[in-house]
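This is final-v2.pdb. It holds PDB, C-alpha atoms and all ligand atoms.
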ATOM      1  CA  MET A 270       3.877  55.181  21.005  1.00  0.00           C
ATOM      2  CA  THR A 271       1.887  52.211  19.782  1.00  0.00           C
ATOM      3  CA  ASP A 272       1.999  48.644  20.965  1.00  0.00           C
ATOM      4  CA  ARG A 273       1.717  46.420  17.921  1.00  0.00           C
ATOM      5  CA  PRO A 274       0.560  42.871  18.569  1.00  0.00           C
ATOM      6  CA  ARG A 275       2.997  40.292  17.357  1.00  0.00           C
ATOM      7  CA  SER A 276       1.761  38.048  14.599  1.00  0.00           C
ATOM      8  CA  ALA A 277       0.817  34.693  16.022  1.00  0.00           C
ATOM      9  CA  PRO A 278       2.742  31.662  14.807  1.00  0.00           C
ATOM     10  CA  MET A 279       0.971  29.233  12.510  1.00  0.00           C
ATOM     11  CA  PRO A 280      -0.751  26.564  14.559  1.00  0.00           C
ATOM     12  CA  ALA A 281       0.790  23.180  13.870  1.00  0.00           C
ATOM     13  CA  ALA A 282      -2.671  21.654  13.674  1.00  0.00           C
ATOM     14  CA  LEU A 283      -3.126  23.277  10.270  1.00  0.00           C
ATOM     15  CA  ARG A 284      -0.438  20.995   8.940  1.00  0.00           C
ATOM     16  CA  GLN A 285      -2.430  17.846   9.674  1.00  0.00           C
ATOM     17  CA  GLY A 286      -2.696  16.270   6.282  1.00  0.00           C
ATOM     18  CA  ARG A 287      -4.667  13.378   4.961  1.00  0.00           C
ATOM     19  CA  PRO A 288      -4.318   9.969   6.564  1.00  0.00           C
ATOM     20  CA  PRO A 289      -1.223   8.110   5.344  1.00  0.00           C
ATOM     21  CA  ARG A 290      -1.735   6.328   2.089  1.00  0.00           C
ATOM     22  CA  HIS A 291      -1.197   2.604   1.988  1.00  0.00           C
ATOM     23  CA  PRO A 292       1.975   1.906  -0.024  1.00  0.00           C
ATOM     24  CA  ALA A 293       0.207  -0.829  -1.985  1.00  0.00           C
ATOM     25  CA  LEU A 294      -1.964   1.856  -3.610  1.00  0.00           C
ATOM     26  CA  ALA A 295       1.008   2.590  -5.859  1.00  0.00           C
ATOM     27  CA  VAL A 296       0.171  -0.420  -7.985  1.00  0.00           C
ATOM     28  CA  ARG A 297      -2.979  -1.364  -9.875  1.00  0.00           C
ATOM     29  CA  CYS A 298      -5.147  -3.923  -8.108  1.00  0.00           C
ATOM     30  CA  PRO A 299      -5.331  -7.181 -10.055  1.00  0.00           C
ATOM     31  CA  HIS A 300      -8.401  -8.213  -8.075  1.00  0.00           C
ATOM     32  CA  CYS A 301     -10.839  -5.299  -8.226  1.00  0.00           C
ATOM     33  CA  SER A 302      -9.087  -3.322 -11.007  1.00  0.00           C
ATOM     34  CA  ALA A 303      -8.554  -0.226  -8.885  1.00  0.00           C
ATOM     35  CA  THR A 304      -6.046   1.991 -10.662  1.00  0.00           C
ATOM     36  CA  PRO A 305      -2.919   3.338  -8.911  1.00  0.00           C
ATOM     37  CA  ASP A 306      -3.782   5.819  -6.141  1.00  0.00           C
ATOM     38  CA  MET A 307      -7.378   4.582  -6.122  1.00  0.00           C
ATOM     39  CA  ARG A 308      -8.752   2.757  -3.121  1.00  0.00           C
ATOM     40  CA  CYS A 309      -9.781  -0.836  -3.590  1.00  0.00           C
ATOM     41  CA  THR A 310     -13.476  -1.425  -3.896  1.00  0.00           C
ATOM     42  CA  THR A 311     -15.834  -4.245  -3.130  1.00  0.00           C
ATOM     43  CA  ARG A 312     -19.325  -4.775  -4.470  1.00  0.00           C
ATOM     44  CA  ALA A 313     -22.120  -4.566  -1.938  1.00  0.00           C
ATOM     45  CA  GLY A 314     -25.400  -5.070  -3.748  1.00  0.00           C
ATOM     46  CA  ARG A 315     -25.043  -2.904  -6.829  1.00  0.00           C
ATOM     47  CA  ALA A 316     -22.910  -0.187  -5.280  1.00  0.00           C
ATOM     48  CA  ARG A 317     -19.152  -0.086  -5.238  1.00  0.00           C
ATOM     49  CA  VAL A 318     -17.933   0.359  -1.693  1.00  0.00           C
ATOM     50  CA  GLN A 319     -14.440   1.520  -0.887  1.00  0.00           C
ATOM     51  CA  ARG A 320     -12.450  -0.947   1.124  1.00  0.00           C
ATOM     52  CA  LEU A 321     -10.468   0.213   4.112  1.00  0.00           C
ATOM     53  CA  ASP A 322      -7.504  -1.962   3.214  1.00  0.00           C
ATOM     54  CA  PRO A 323      -6.230  -2.986  -0.197  1.00  0.00           C
ATOM     55  CA  CYS A 324      -7.262  -6.394  -1.533  1.00  0.00           C
ATOM     56  CA  PRO A 325      -4.862  -9.200  -0.569  1.00  0.00           C
ATOM     57  CA  ALA A 326      -4.052  -9.640  -4.257  1.00  0.00           C
ATOM     58  CA  ARG A 327      -2.956  -6.012  -4.412  1.00  0.00           C
ATOM     59  CA  LEU A 328      -0.715  -6.384  -1.389  1.00  0.00           C
ATOM     60  CA  ALA A 329       0.887  -9.353  -3.115  1.00  0.00           C
ATOM     61  CA  ALA A 330       1.267  -7.473  -6.407  1.00  0.00           C
ATOM     62  CA  HIS A 331       2.859  -4.558  -4.591  1.00  0.00           C
ATOM     63  CA  ALA A 332       5.256  -6.806  -2.702  1.00  0.00           C
ATOM     64  CA  ILE A 333       6.258  -8.579  -5.909  1.00  0.00           C
ATOM     65  CA  ALA A 334       6.759  -5.291  -7.775  1.00  0.00           C
ATOM     66  CA  THR A 335       8.810  -3.472  -5.162  1.00  0.00           C
ATOM     67  CA  ALA A 336      10.526  -5.887  -2.792  1.00  0.00           C
ATOM     68  CA  VAL A 337      13.137  -8.584  -2.979  1.00  0.00           C
ATOM     69  CA  CYS A 338      12.132 -11.809  -1.269  1.00  0.00           C
ATOM     70  CA  THR A 339      14.545 -12.836   1.424  1.00  0.00           C
ATOM     71  CA  THR A 340      12.899 -16.270   1.607  1.00  0.00           C
ATOM     72  CA  CYS A 341      13.195 -17.445  -2.012  1.00  0.00           C
ATOM     73  CA  GLN A 342      15.784 -14.842  -3.127  1.00  0.00           C
ATOM     74  CA  VAL A 343      13.882 -13.383  -6.085  1.00  0.00           C
ATOM     75  CA  THR A 344      14.278  -9.771  -7.224  1.00  0.00           C
ATOM     76  CA  PRO A 345      11.505  -7.153  -7.592  1.00  0.00           C
ATOM     77  CA  GLY A 346       9.191  -8.026 -10.479  1.00  0.00           C
ATOM     78  CA  THR A 347       9.630 -11.771 -10.032  1.00  0.00           C
ATOM     79  CA  PRO A 348       6.932 -13.816  -8.266  1.00  0.00           C
ATOM     80  CA  CYS A 349       7.820 -15.990  -5.299  1.00  0.00           C
ATOM     81  CA  HIS A 350       8.395 -19.700  -5.676  1.00  0.00           C
ATOM     82  CA  ASP A 351       9.093 -22.721  -3.534  1.00  0.00           C
ATOM     83  CA  ASP A 352      12.157 -24.484  -4.949  1.00  0.00           C
ATOM     84  CA  GLY A 353      11.122 -23.511  -8.468  1.00  0.00           C
ATOM     85  CA  ILE A 354       7.451 -24.374  -7.970  1.00  0.00           C
ATOM     86  CA  GLN A 355       4.936 -21.541  -8.263  1.00  0.00           C
ATOM     87  CA  ARG A 356       3.188 -20.549  -5.048  1.00  0.00           C
ATOM     88  CA  PRO A 357      -0.582 -21.132  -4.737  1.00  0.00           C
ATOM     89  CA  ASP A 358      -2.919 -18.221  -5.579  1.00  0.00           C
ATOM     90  CA  SER A 359      -4.142 -18.161  -1.999  1.00  0.00           C
ATOM     91  CA  SER A 360      -0.644 -17.287  -0.778  1.00  0.00           C
ATOM     92  CA  PRO A 361       1.437 -16.076  -3.735  1.00  0.00           C
ATOM     93  CA  VAL A 362       4.050 -14.230  -1.708  1.00  0.00           C
ATOM     94  CA  HIS A 363       6.190 -15.276   1.241  1.00  0.00           C
ATOM     95  CA  ASN A 364       5.196 -13.481   4.436  1.00  0.00           C
ATOM     96  CA  ARG A 365       8.604 -11.867   4.844  1.00  0.00           C
ATOM     97  CA  ARG A 366       8.241 -10.174   1.473  1.00  0.00           C
ATOM     98  CA  TYR A 367       5.215  -8.190   2.642  1.00  0.00           C
ATOM     99  CA  GLU A 368       7.355  -6.807   5.436  1.00  0.00           C
ATOM    100  CA  GLU A 369      10.143  -5.979   3.003  1.00  0.00           C
ATOM    101  CA  ALA A 370       7.661  -4.105   0.818  1.00  0.00           C
ATOM    102  CA  GLN A 371       6.464  -2.050   3.799  1.00  0.00           C
ATOM    103  CA  GLU A 372      10.032  -1.166   4.721  1.00  0.00           C
ATOM    104  CA  THR A 373      10.922  -0.281   1.136  1.00  0.00           C
ATOM    105  CA  ALA A 374       7.976   2.107   1.005  1.00  0.00           C
ATOM    106  CA  ALA A 375       8.707   3.720   4.356  1.00  0.00           C
TER     107      ALA A 375
HETATM  108 ZN    ZN B 401      -8.557  -4.361  -4.977  1.00  0.00          ZN
HETATM  109 ZN    ZN B 402       9.530 -15.506  -1.779  1.00  0.00          ZN
END
Is it possible to express this structure as structure tokens?
Amino acid sequence: MTDRPRSAPMPAALRQGRPPRHPALAVRCPHCSATPDMRCTTRAGRARVQRLDPCPARLAAHAIATAVCTTCQVTPGTPCHDDGIQRPDSSPVHNRRYEEAQETAA
């Protein structure tokens, strides 16, 4: 009579994947030209350094491409406006639209 050891279950720790990808990485960055799925970069000296967060312009591009704006009522693909007037480059998207984009991606 032999006592066979039971096979151990797979440790859950093995399933730890990569850190979650920022949803804005789905679009190309209009600021630093990072392609989809590529991290944004910044130039430090002559080297290209990967940014931790996407460029603000990329966040805006992602929000415009994927989310409706509940503030100015535009559909995905249409930039935000204030009563028909284009928003300034420094703040091209209404704040609520960034949140919509995050929820759409989740
Ligand atoms: Zn960028
Ligand atoms: Zn808007």
Give me the chain A side of the contact with ligand ZN 401 (chain B), cut-off 12 Å, one line per residue showing its nearest atom pair and distance in Å at one decimal, counting only C-alpha atoms and all ligand atoms, sorted by chain and residue number, as a tab-separated table.
residue	atom	partner	partner_atom	distance
A:Ala293	CA	B:ZN401	ZN	9.9
A:Leu294	CA	B:ZN401	ZN	9.2
A:Ala295	CA	B:ZN401	ZN	11.9
A:Val296	CA	B:ZN401	ZN	10.0
A:Arg297	CA	B:ZN401	ZN	8.0
A:Cys298	CA	B:ZN401	ZN	4.7
A:Pro299	CA	B:ZN401	ZN	6.6
A:His300	CA	B:ZN401	ZN	4.9
A:Cys301	CA	B:ZN401	ZN	4.1
A:Ser302	CA	B:ZN401	ZN	6.1
A:Ala303	CA	B:ZN401	ZN	5.7
A:Thr304	CA	B:ZN401	ZN	8.9
A:Pro305	CA	B:ZN401	ZN	10.3
A:Asp306	CA	B:ZN401	ZN	11.3
A:Met307	CA	B:ZN401	ZN	9.1
A:Arg308	CA	B:ZN401	ZN	7.4
A:Cys309	CA	B:ZN401	ZN	4.0
A:Thr310	CA	B:ZN401	ZN	5.8
A:Thr311	CA	B:ZN401	ZN	7.5
A:Arg312	CA	B:ZN401	ZN	10.8
A:Arg317	CA	B:ZN401	ZN	11.4
A:Val318	CA	B:ZN401	ZN	11.0
A:Gln319	CA	B:ZN401	ZN	9.3
A:Arg320	CA	B:ZN401	ZN	8.0
A:Leu321	CA	B:ZN401	ZN	10.4
A:Asp322	CA	B:ZN401	ZN	8.6
A:Pro323	CA	B:ZN401	ZN	5.5
A:Cys324	CA	B:ZN401	ZN	4.2
A:Pro325	CA	B:ZN401	ZN	7.5
A:Ala326	CA	B:ZN401	ZN	7.0
A:Arg327	CA	B:ZN401	ZN	5.9
A:Leu328	CA	B:ZN401	ZN	8.9
A:Ala329	CA	B:ZN401	ZN	10.8
A:Ala330	CA	B:ZN401	ZN	10.4
A:His331	CA	B:ZN401	ZN	11.4
Picked residues, the PyMOL selection byres (((not hetatm)) within 10 of (chain B and resi 402)), as a PyMOL selection string
chain A and resi 332-333+336-344+347-352+355-356+361-367
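Relative to CA of Pro357 (chain A), CA of Gln371 (chain A) is found at 22.1 Å.
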Around all of region 304-314 of chain A's listed atoms, make the axis-aligned box with 5 Å on each side and tell me centre and edge lengths in Å to one decimal, as AutoDock Vina command-line options.
--center_x -14.2 --center_y 0.4 --center_z -6.3 --size_x 32.5 --size_y 20.9 --size_z 18.7
Separation of CA of Ser359 (chain A) from CA of Ala313 (chain A), in Å and rounded to one decimal:
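So the two atoms, CA of Ser359 (chain A) and CA of Ala313 (chain A), lie 22.5 Å apart.
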A:Pro289, A:Glu369, A:Ala375, A:Ser360 ranked by distance to Pro345 (chain A), top pick (using all atoms listed in the file):
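Looking only at the distances to Pro345 (chain A), the closest residue turns out to be A:Glu369.
Candidate residues A:Asp272, A:Ala374, A:Ala316, A:Gly353 were compared for distance to Ala334 (chain A), and the nearest is A:Ala374, using all atoms listed in the file.
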Would you mind completing region 352-365 of chain A to N, CA, C and O atoms and writing the output as a short mmCIF file (atom, residue, chain, number, x, y, z; two decimals), in the frame of the given file?
data_model
loop_
_atom_site.label_atom_id
_atom_site.label_comp_id
_atom_site.auth_asym_id
_atom_site.auth_seq_id
_atom_site.Cartn_x
_atom_site.Cartn_y
_atom_site.Cartn_z
N ASP A 352 11.25 -23.59 -4.23
CA ASP A 352 12.16 -24.48 -4.95
C ASP A 352 11.76 -24.62 -6.41
O ASP A 352 11.72 -25.72 -6.96
N GLY A 353 11.44 -23.49 -7.04
CA GLY A 353 11.12 -23.51 -8.47
C GLY A 353 9.66 -23.77 -8.77
O GLY A 353 9.22 -23.67 -9.91
N ILE A 354 8.88 -24.10 -7.75
CA ILE A 354 7.45 -24.37 -7.97
C ILE A 354 6.64 -23.13 -7.60
O ILE A 354 6.86 -22.54 -6.54
N GLN A 355 5.73 -22.74 -8.49
CA GLN A 355 4.94 -21.54 -8.26
C GLN A 355 4.10 -21.66 -7.00
O GLN A 355 3.60 -22.74 -6.66
N ARG A 356 3.97 -20.54 -6.28
CA ARG A 356 3.19 -20.55 -5.05
C ARG A 356 1.70 -20.58 -5.38
O ARG A 356 1.28 -20.11 -6.43
N PRO A 357 0.87 -21.11 -4.48
CA PRO A 357 -0.58 -21.13 -4.74
C PRO A 357 -1.17 -19.72 -4.74
O PRO A 357 -0.65 -18.82 -4.10
N ASP A 358 -2.27 -19.53 -5.48
CA ASP A 358 -2.92 -18.22 -5.58
C ASP A 358 -3.35 -17.69 -4.22
O ASP A 358 -3.40 -16.49 -4.00
N SER A 359 -3.67 -18.60 -3.31
CA SER A 359 -4.14 -18.16 -2.00
C SER A 359 -3.02 -17.52 -1.18
O SER A 359 -3.29 -16.75 -0.27
N SER A 360 -1.79 -17.84 -1.52
CA SER A 360 -0.64 -17.29 -0.78
C SER A 360 0.53 -17.14 -1.73
O SER A 360 1.50 -17.89 -1.66
N PRO A 361 0.44 -16.16 -2.66
CA PRO A 361 1.44 -16.08 -3.74
C PRO A 361 2.78 -15.52 -3.30
O PRO A 361 3.75 -15.63 -4.04
N VAL A 362 2.83 -14.92 -2.13
CA VAL A 362 4.05 -14.23 -1.71
C VAL A 362 4.44 -14.71 -0.32
O VAL A 362 3.59 -14.92 0.55
N HIS A 363 5.73 -14.92 -0.10
CA HIS A 363 6.19 -15.28 1.24
C HIS A 363 5.91 -14.13 2.22
O HIS A 363 6.05 -12.96 1.86
N ASN A 364 5.57 -14.50 3.45
CA ASN A 364 5.20 -13.48 4.44
C ASN A 364 6.28 -12.42 4.63
O ASN A 364 5.97 -11.24 4.78
N ARG A 365 7.52 -12.82 4.61
CA ARG A 365 8.60 -11.87 4.84
C ARG A 365 8.65 -10.79 3.76
O ARG A 365 9.10 -9.67 3.99
#
